[in-house]
$ cat input15.csv   # CSV, C-alpha atoms and all ligand atoms
chain,number,residue,atom,x,y,z
F,1,MET,CA,171.9,227.7,230.5
F,2,SER,CA,175.4,226.4,230.6
F,3,THR,CA,176.8,223.1,229.5
F,4,GLY,CA,178.6,222.7,232.8
F,5,THR,CA,178.0,219.5,234.6
F,6,ASN,CA,178.0,220.8,238.2
F,7,TRP,CA,174.4,219.9,238.4
F,8,ARG,CA,175.3,216.2,238.2
F,9,GLN,CA,176.2,216.1,241.9
F,10,TYR,CA,172.5,216.8,242.7
F,11,ALA,CA,171.2,214.2,240.3
F,12,ALA,CA,168.7,211.8,241.7
F,13,CYS,CA,170.2,209.1,239.6
F,14,ILE,CA,173.5,209.1,241.3
F,15,GLY,CA,174.3,205.5,242.4
F,16,ILE,CA,171.7,204.1,240.1
F,17,ASP,CA,172.9,201.9,237.3
F,18,PRO,CA,173.2,204.3,234.3
F,19,ARG,CA,171.9,201.6,232.1
F,20,ALA,CA,168.5,202.2,233.7
F,21,PHE,CA,168.4,205.5,231.7
F,22,PHE,CA,169.3,203.9,228.4
F,23,PRO,CA,166.4,201.7,227.7
F,24,VAL,CA,166.8,199.0,225.2
F,25,GLY,CA,165.0,196.0,223.9
F,26,TYR,CA,161.9,194.2,225.1
F,27,HIS,CA,161.7,195.9,228.5
F,28,ALA,CA,162.4,199.4,227.2
F,29,ARG,CA,159.0,200.7,228.0
F,30,ALA,CA,159.0,199.6,231.6
F,31,GLN,CA,162.5,200.9,231.8
F,32,VAL,CA,161.5,204.3,230.5
F,33,ASN,CA,158.8,204.5,233.1
F,34,ALA,CA,161.2,203.5,235.9
F,35,ALA,CA,163.7,206.1,234.7
F,36,ARG,CA,161.0,208.7,234.6
F,37,ARG,CA,160.0,208.0,238.1
F,38,VAL,CA,163.6,208.7,239.3
F,39,CYS,CA,163.8,211.9,237.2
F,40,ALA,CA,160.5,213.1,238.6
F,41,THR,CA,162.1,213.4,242.0
F,42,CYS,CA,165.3,214.9,240.6
F,43,PRO,CA,166.1,218.6,241.5
F,44,VAL,CA,168.2,219.1,238.4
F,45,ARG,CA,166.0,217.6,235.7
F,46,GLN,CA,165.8,221.0,233.9
F,47,GLN,CA,169.6,221.2,233.7
F,48,CYS,CA,169.8,217.6,232.7
F,49,ALA,CA,167.4,218.0,229.8
F,50,ALA,CA,169.0,221.2,228.7
F,51,PHE,CA,172.4,219.5,228.8
F,52,ALA,CA,171.2,216.6,226.7
F,53,ILE,CA,169.8,219.1,224.2
F,54,GLU,CA,172.9,221.2,224.1
F,55,VAL,CA,175.3,218.4,223.6
F,56,GLY,CA,173.0,216.6,221.2
F,57,GLU,CA,172.6,213.4,223.3
F,58,HIS,CA,170.8,210.8,221.1
F,59,ASN,CA,170.4,208.1,223.6
F,60,GLY,CA,168.7,207.6,226.9
F,61,ILE,CA,166.3,209.3,229.2
F,62,TRP,CA,167.4,212.8,230.3
F,63,GLY,CA,165.5,215.1,232.6
F,64,GLY,CA,162.6,212.6,232.6
F,65,MET,CA,162.3,212.9,228.8
F,66,SER,CA,162.5,210.2,226.2
F,67,GLN,CA,164.5,210.8,223.0
F,68,GLN,CA,161.3,211.6,221.2
F,69,GLU,CA,160.4,214.2,223.7
F,70,LEU,CA,163.9,215.6,223.7
F,71,ARG,CA,163.8,215.8,219.9
F,72,GLN,CA,160.7,217.9,220.1
F,73,LYS,CA,162.1,220.1,222.7
F,74,ARG,CA,165.3,220.5,220.7
F,75,ARG,CA,163.3,221.6,217.7
F,76,ARG,CA,161.4,224.1,219.7
F,77,PHE,CA,164.7,225.3,221.2
F,78,ARG,CA,166.3,225.7,217.8
F,79,ALA,CA,163.2,227.5,216.4
F,80,ARG,CA,163.6,229.9,219.3
F,81,THR,CA,167.4,230.4,219.1
F,82,ASP,CA,168.2,230.0,215.4
F,83,THR,CA,166.7,233.2,214.2
F,84,THR,CA,169.6,234.4,212.0
F,85,SER,CA,168.4,238.0,211.9
F,86,PRO,CA,166.0,238.9,214.6
F,87,LYS,CA,163.4,241.4,213.5
F,88,PRO,CA,164.2,244.8,214.8
F,89,PRO,CA,161.3,246.1,216.8
F,90,ALA,CA,158.8,247.9,214.6
F,91,LYS,CA,159.5,251.6,214.6
F,92,LYS,CA,156.6,253.3,216.1
F,93,ARG,CA,155.5,256.3,214.3
F,94,GLU,CA,154.7,259.2,216.6
F,95,PRO,CA,151.0,259.5,216.6
F,96,ALA,CA,149.9,262.8,215.1
F,97,LYS,CA,149.5,265.3,217.9
F,98,CYS,CA,146.4,267.5,218.1
F,99,GLY,CA,147.1,271.1,217.3
F,100,THR,CA,149.0,270.2,214.1
F,101,ARG,CA,148.0,269.7,210.5
F,102,ALA,CA,148.9,266.1,210.9
F,103,GLY,CA,146.5,265.9,213.8
F,104,TYR,CA,143.8,267.4,211.6
F,105,GLN,CA,144.5,264.9,208.9
F,106,LYS,CA,144.4,262.1,211.4
F,107,HIS,CA,140.9,263.3,212.4
F,108,LEU,CA,139.9,263.1,208.8
F,109,ARG,CA,141.4,259.7,208.3
F,110,GLU,CA,139.9,258.2,211.4
F,111,LYS,CA,136.6,260.2,210.9
F,112,THR,CA,136.9,261.5,214.4
F,113,GLU,CA,135.6,264.9,215.4
F,114,ILE,CA,138.1,267.6,214.5
F,115,CYS,CA,139.1,269.4,217.7
F,116,ALA,CA,139.6,273.1,217.9
F,117,PRO,CA,143.4,273.0,218.1
F,118,CYS,CA,143.6,270.8,215.0
F,119,ARG,CA,141.1,273.0,213.1
F,120,GLN,CA,143.1,276.0,214.0
F,121,ALA,CA,146.4,274.4,213.0
F,122,ASN,CA,144.9,273.5,209.6
F,123,THR,CA,143.6,277.0,209.1
F,124,ASP,CA,147.0,278.4,210.0
F,125,ALA,CA,148.6,276.1,207.6
F,126,ASP,CA,146.2,277.1,204.8
F,127,ASN,CA,146.9,280.7,205.5
F,128,ARG,CA,150.6,280.1,205.4
F,129,LEU,CA,150.2,278.2,202.2
F,130,ARG,CA,148.4,281.2,200.7
F,131,ARG,CA,151.0,283.6,201.9
F,132,THR,CA,154.2,281.6,201.4
F,133,GLY,CA,153.5,278.7,199.1
F,134,THR,CA,154.3,276.2,201.9
F,135,THR,CA,152.5,274.8,204.8
F,136,LYS,CA,155.7,274.7,206.8
F,137,ALA,CA,155.9,277.3,209.5
F,138,SER,CA,158.7,279.7,208.7
F,139,ALA,CA,161.6,279.4,211.1
I,1,LIG,S1,166.8,214.1,235.5
I,1,LIG,FE1,166.9,211.9,235.6
I,1,LIG,S2,168.7,211.4,234.3
I,1,LIG,FE2,168.8,213.6,234.7
I,1,LIG,S3,170.1,213.8,236.4
I,1,LIG,FE3,168.0,213.7,237.2
I,1,LIG,S4,167.6,211.6,237.6
I,1,LIG,FE4,169.4,211.6,236.4
I,2,ZN,ZN,142.7,267.1,217.3
$ encode --input "input15.csv" --output "structure tokens"
Amino acid sequence: MSTGTNWRQYAACIGIDPRAFFPVGYHARAQVNAARRVCATCPVRQQCAAFAIEVGEHNGIWGGMSQQELRQKRRRFRARTDTTSPKPPAKKREPAKCGTRAGYQKHLREKTEICAPCRQANTDADNRLRRTGTTKASA
């Protein structure tokens, strides 16, 4: 979303007294409602609200929203964008493949039936261990 103001030319409030969008005093509530009705027909109310949030407007109705609503939206917006260090996506561990000793151990962990390739891989590893002192297949 850009802070440009090109959207203003499409604003439904063009030609309306801008004071209508800065409610004050006794008639403020009625004024807010009137302003909202104009904004409701406005094709650029998203841009308008985004603009008010970006520039930190602290007065008036923008995009059909009162200052209170804009503040809430601003907070949510900040919460979304002010993450100083976004978490890197969790590194997915390769699931243990069947036919490996890791697969065999996975079967044990998850108490699933040990399939033939895994049983074989485990036996092979055991035999290697007996022969060579390591479960690693020799290169
Ligand atoms: S949303 Fe409302 S205040 Fe904003 S440009 Fe449209 S009519 Fe004007
Ligand atoms: Zn398996």
$ residues_near_ligand --input "input15.csv" --ligand "ligand ZN 2 (chain I)" --cutoff "12 Å" --atoms "only C-alpha atoms and all ligand atoms" --output "JSON, numbers by chain"
{"F": [95, 96, 97, 98, 99, 100, 101, 102, 103, 104, 105, 106, 107, 108, 109, 110, 111, 112, 113, 114, 115, 116, 117, 118, 119, 120, 121, 122]}
$ residues_around --input "input15.csv" --residues "segment 37-49 of chain F" --least-positions-apart "2" --cutoff "7 Å" --atoms "only C-alpha atoms" --output "list in words"
Trp7, Tyr10, Ala11, Ala12, Cys13, Asn33, Ala34, Ala35, Phe51, Ala52, Ile53, Trp62, Gly63 and Gly64 of chain F
$ residues_around --input "input15.csv" --residues "Ala20 of chain F" --least-positions-apart "4" --cutoff "9 Å" --atoms "all atoms listed in the file" --output "PyMOL selection string"
chain F and resi 16+31-32+34-35+60-61
$ atom_distance --input "input15.csv" --atom1 "atom CA of Glu54 of chain F" --atom2 "atom CA of Arg29 of chain F"
25.1 Å
$ atom_distance --input "input15.csv" --atom1 "atom CA of Gln67 of chain F" --atom2 "atom S1 of ligand LIG 1 (chain I)"
13.1 Å
$ closest_residue --input "input15.csv" --among "F:Arg128, F:Lys91, F:Arg36, F:Arg74" --to "ligand LIG 1 (chain I)" --atoms "all atoms listed in the file"
F:Arg36
$ atom_distance --input "input15.csv" --atom1 "atom CA of Pro23 of chain F" --atom2 "atom CA of Val55 of chain F"
19.4 Å
$ closest_residue --input "input15.csv" --among "F:Gly4, F:Gly25, F:Pro18, F:Gly133" --to "ligand LIG 1 (chain I)" --atoms "all atoms listed in the file"
F:Pro18
$ closest_residue --input "input15.csv" --among "F:Met65, F:Val24, F:Leu129, F:Ala30" --to "ligand LIG 1 (chain I)" --atoms "all atoms listed in the file"
F:Met65
$ closest_residue --input "input15.csv" --among "F:Thr5, F:Lys92, F:Asn59, F:Ala50" --to "Phe21 of chain F" --atoms "all atoms listed in the file"
F:Asn59
